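I have placed the structure first, in the form of structure tokens, so that the comments after it can refer back to it.
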Amino acid sequence: MQIFGVPLQAMMSQLLLGLVNGSFYAMLSLGLAVIFGLLNVINFSHGALYMMGAFAAYIGVTSFGLNYWMMLLLAPLIVGTFGILIEKTMLRWLYRVDHLYGLLLTFGITLLLEGVFRSFFGVSGQTLDVPEALSGATDLGFMMLPNYRAWVVLASLVVCLATWFTIEKTRLGAYLRAGTENPKLVEAFGVNVPLMVTLTYGFGVALAGFAGVLAAPVINVTPLMGSNLIIVVFAVVVIGGMGSILGSIVTGLALGVIEGLTRVYYPEASEVVVFVVMVIVLLLRPAGLFGKEK
Amino acid sequence: MKRTINRTTRTAIVFIAAACAAGLSTPVFAQISGDVIKIGMITDLSGVYSDIDGNGGAEAVRMAIADMGGAINGKKIQFIVADHQNKPDIAASKAREWFDQQGVDMLIGGTNSGASLAMAKVAAEKKKVFIAIGSGTAQLTNEQCSPYTVHYAYDTVALARGTGATMVKQGGKTWYFLTADYAFGQSLEKDTTDVIKANGGTVLGSVKHPLGASDFSSFLLQAQSSKAQVLGLANAGGDFINSVKAAKEFGLTTKMKIAGLLVFINDIHTLGLATTQGLYLTDAWYWDMNNDTRTWAKKYFAKMKKEPSSLQAADYSAAMNYLNAVKAIGTDDGDKVMAQLKKTKINDMFAKNGEIRPDGRMVHDMYLMQVKTPAESKAPWDYYKVVATIPGAQAYTTKAETKCAAWK
């Protein structure tokens, strides 16, 4: 059986690979959406923090003898703490001014981080091995799926859904959403809004760090790995609707799949297809697929 | 009596000859423009290609200047470096500024073919020596050749002939290409395809991926379903590294042989021998080939804490040979230095009996290497076995093939 000249088996394996890439998009765009939705900051340093997460895992494993699983917990904590530091010392002075200032600041942080890592590690990149428990591949009938890729999908889905649930369905999430709508009023109820905002930023960038650790064993860990990805991720956020949590998850996964299909039918366009979708969505629904029109 | 006359005559002849030689080597109109010999280098110092050349390449040029004593006949040698950020327009405008305002006498072009083609045009216009080292495109000495360009280390034709021909001869008859979708990747694929067909092989297909693609797994599945024996990687740097990583992860390495068409030792260092063992590649130079290469590499290692790539060795060699040419003729005039360079054989740690042809191609032997297994590797950076030496005359574009007007 064939679909537009491509055998069904090949098609299914490409869809599955698209889903794997989509998991990374979902996790990264989710962090951006959380930060934008609750802080109104366009966090351009997201890619650099993703890179930092990957390097933290690499350094932890190679220099401190820790294993992958420890780093999966530790690296997001490190990146999150770093994010809190950024928020406390720099970002918080920019909430009252135009979005552009936050964007410029975070872009500057990206350049700094990339420069520092480049001067220590060079650009050729580092390799982190797939953890023992996840090496090997499983025969799915239509393809051999490396176990690690399956783990990536699983881990990112769990993290994404937990985040969505926390923000949309729990009391803590309700505080967060209320705090961004009307900080003064929420503070009057005795909620420490500035602390909440700081922690939210920390959590958002910790997601980037987590994605970095997940990516480290399958792609080349280099100081530039974040900048290659961040533009696509921003497009995902725009398509999903700025600030929409569920939107960013669904769009991330869907675009991964669309990109995977493009790689089969017209590989030259595979890095562009996301932006073509973005243009179409912006023309038809300027607020994004899941965004609310204001 | 007879003997005395003979001796006197002989002395006289020696004397006159010495006087002539001295006269030739220091011509009356000898001149060094601006009273300094100024070398400029424009390369990628911060982007994807900055490890294979970059600051290491600049350090290699500084080593050459230091070995020359920092001056020639009392005229100081100066060196300046700039980053072109892989943008040809920046490379060209920087080159123009340096020739016009900084008095740069010779320009070394680092990595990136687009940038080098742009700089070659400026150098030709200003009649200054341009030595392209890091860039691969064979156009520099073919369609776009110039009397002021020297293409020093390697080119896409030599890479294709080295790796392509050998793999086919060893039984890799059917190929599938994974190609970076821009000028460099396409010309590498085309040149290699020609070589494969000439040797009786066939190309079953190719997939073109965008430069800096985020994921290679789906391209590799397409390659796998072609059932070809050899996967030709017509890409470089980070793309090459990610392709090999994914190939290993998806088990392609057990079914297909992988041919890296442009691989540098830095790439192997990143990927590790467990992943790359058995890979064939073509390179111009390897640090552990003989005593000369090891001696120089040791000095480089002391400064940079890593072994030099072929490009960094070529940077040293090119700067040294340029300075020797200036020293021999006592001027840094572009035309005269080019004439001197083209008539002098290059014999140093980088090349044996290398010569610069009228089209600007520096012809020297290339080497087909195979990556060692982890068990064969005795020390850090002990990565390659030299499998075959490809004589320069066979490696590069021949006179019959060239489109360069200066070499017809």
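Ligands are numbered from 1 in the order shown, residues from 1 within each chain, and chains are lettered A, B, ... in the order they appear in the structure tokens.
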
List as a Markdown table every residue of chain A that is in contact with chain B, defined as an atom at most 7 Å from one of its atoms (using only C-alpha atoms), together with the nearest atom pair and the distance in Å rounded to one decimal, sorted by chain and then rising number.
| residue | atom | partner | partner_atom | distance |
| --- | --- | --- | --- | --- |
| A:Gln14 | CA | B:Ser218 | CA | 6.0 |
| A:Leu17 | CA | B:Ser218 | CA | 6.6 |
| A:Gly122 | CA | B:Asp51 | CA | 6.2 |
| A:Val123 | CA | B:Val48 | CA | 6.0 |
| A:Ser124 | CA | B:Asp51 | CA | 6.1 |
| A:Gly125 | CA | B:Thr270 | CA | 6.0 |
| A:Gln126 | CA | B:Thr270 | CA | 5.4 |
| A:Thr127 | CA | B:Leu271 | CA | 6.2 |
| A:Pro146 | CA | B:Phe250 | CA | 6.4 |
| A:Ile219 | CA | B:Asn242 | CA | 5.9 |
| A:Asn220 | CA | B:Asn242 | CA | 5.9 |
| A:Gly260 | CA | B:Ser218 | CA | 6.9 |
| A:Arg263 | CA | B:Ser218 | CA | 6.7 |
| A:Pro267 | CA | B:His209 | CA | 6.0 |
| A:Glu268 | CA | B:His209 | CA | 5.6 |
| A:Glu271 | CA | B:Pro210 | CA | 6.6 |

Next on the checklist: Please extract the residues of region 39-145 of chain A with a backbone DSSP assignment of strand (DSSP E or B) and present them as an NGL selection string.
Outcome noted: :A and (126 or 137-139 or 144-145)

Store the residues of this selection in a file with C-alpha atoms, as a PDB file, in the first residue's frame.
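Just written: out_23.pdb:
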ATOM      1  CA  GLN A 126      30.590  17.232  22.453  1.00  0.00           C
ATOM      2  CA  ALA A 137      16.095  -0.364  19.464  1.00  0.00           C
ATOM      3  CA  THR A 138      12.649  -1.904  19.395  1.00  0.00           C
ATOM      4  CA  ASP A 139      11.206  -3.515  16.284  1.00  0.00           C
ATOM      5  CA  MET A 144      13.368  -0.071  14.230  1.00  0.00           C
ATOM      6  CA  LEU A 145      12.723   2.666  16.761  1.00  0.00           C
TER       7      LEU A 145
END

Item to check | Between CA of Ser33 (chain B) and CA of Ala92 (chain B), distance in Å (one decimal) | outcome: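 According to the coordinates, CA of Ser33 (chain B) and CA of Ala92 (chain B) are separated by 22.0 Å.
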
Checklist entry - Leaving out Lys87 (chain B) and any residue of its chain fewer than 3 positions from it, which residues lie within 12 Å of it when counting only C-alpha atoms, given as an NGL selection string? => result :B and (42-47 or 83-84 or 90-94 or 111-119)

Checklist entry - Could you pull out all residues of region 234-400 of chain B with a DSSP call of alpha helix (DSSP H) and give them as a VMD selection string? => result chain B and resid 237 to 249 265 to 271 273 to 276 291 to 304 310 to 329 334 to 343 392 to 395

Item to check | Pick from B:Lys327, B:Lys306, B:Lys173, B:Lys299, whichever lies nearest to Lys257 (chain B) using only C-alpha atoms | outcome: B:Lys173

Next on the checklist: Please determine, counting only C-alpha atoms, which residue among A:Phe4, A:Phe120, A:Phe275, A:Trp69 has the shortest atom-to-atom distance to Leu214 (chain A).
Outcome noted: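 Looking only at the distances to Leu214 (chain A), the closest residue turns out to be A:Trp69.
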
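Using only C-alpha atoms, the contacts of region 340-346 of chain B at a cut-off of 7 Å, with sequence neighbours closer than 6 positions omitted, comprise B:Ala325, B:Lys352, B:Asn353, B:Gly354, B:Glu355, B:Ile356, B:Arg357.
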
Checklist entry - How far is it from CA of Lys408 (chain B) to CA of Glu189 (chain B), in Å with one decimal? => result 26.3 Å

Item to check | Test item: residues at most 8 Å from Ile245 (chain A), only C-alpha atoms, excluding those fewer than 6 positions along its chain, as a list of chain:residue names | outcome: A:Leu30, A:Ala33, A:Val34, A:Trp164

Checklist entry - Suppose you want the space between CA of Gln31 (chain B) and CA of Leu107 (chain B); what is it in Å? => result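 Between CA of Gln31 (chain B) and CA of Leu107 (chain B) the gap works out to 18.8 Å.
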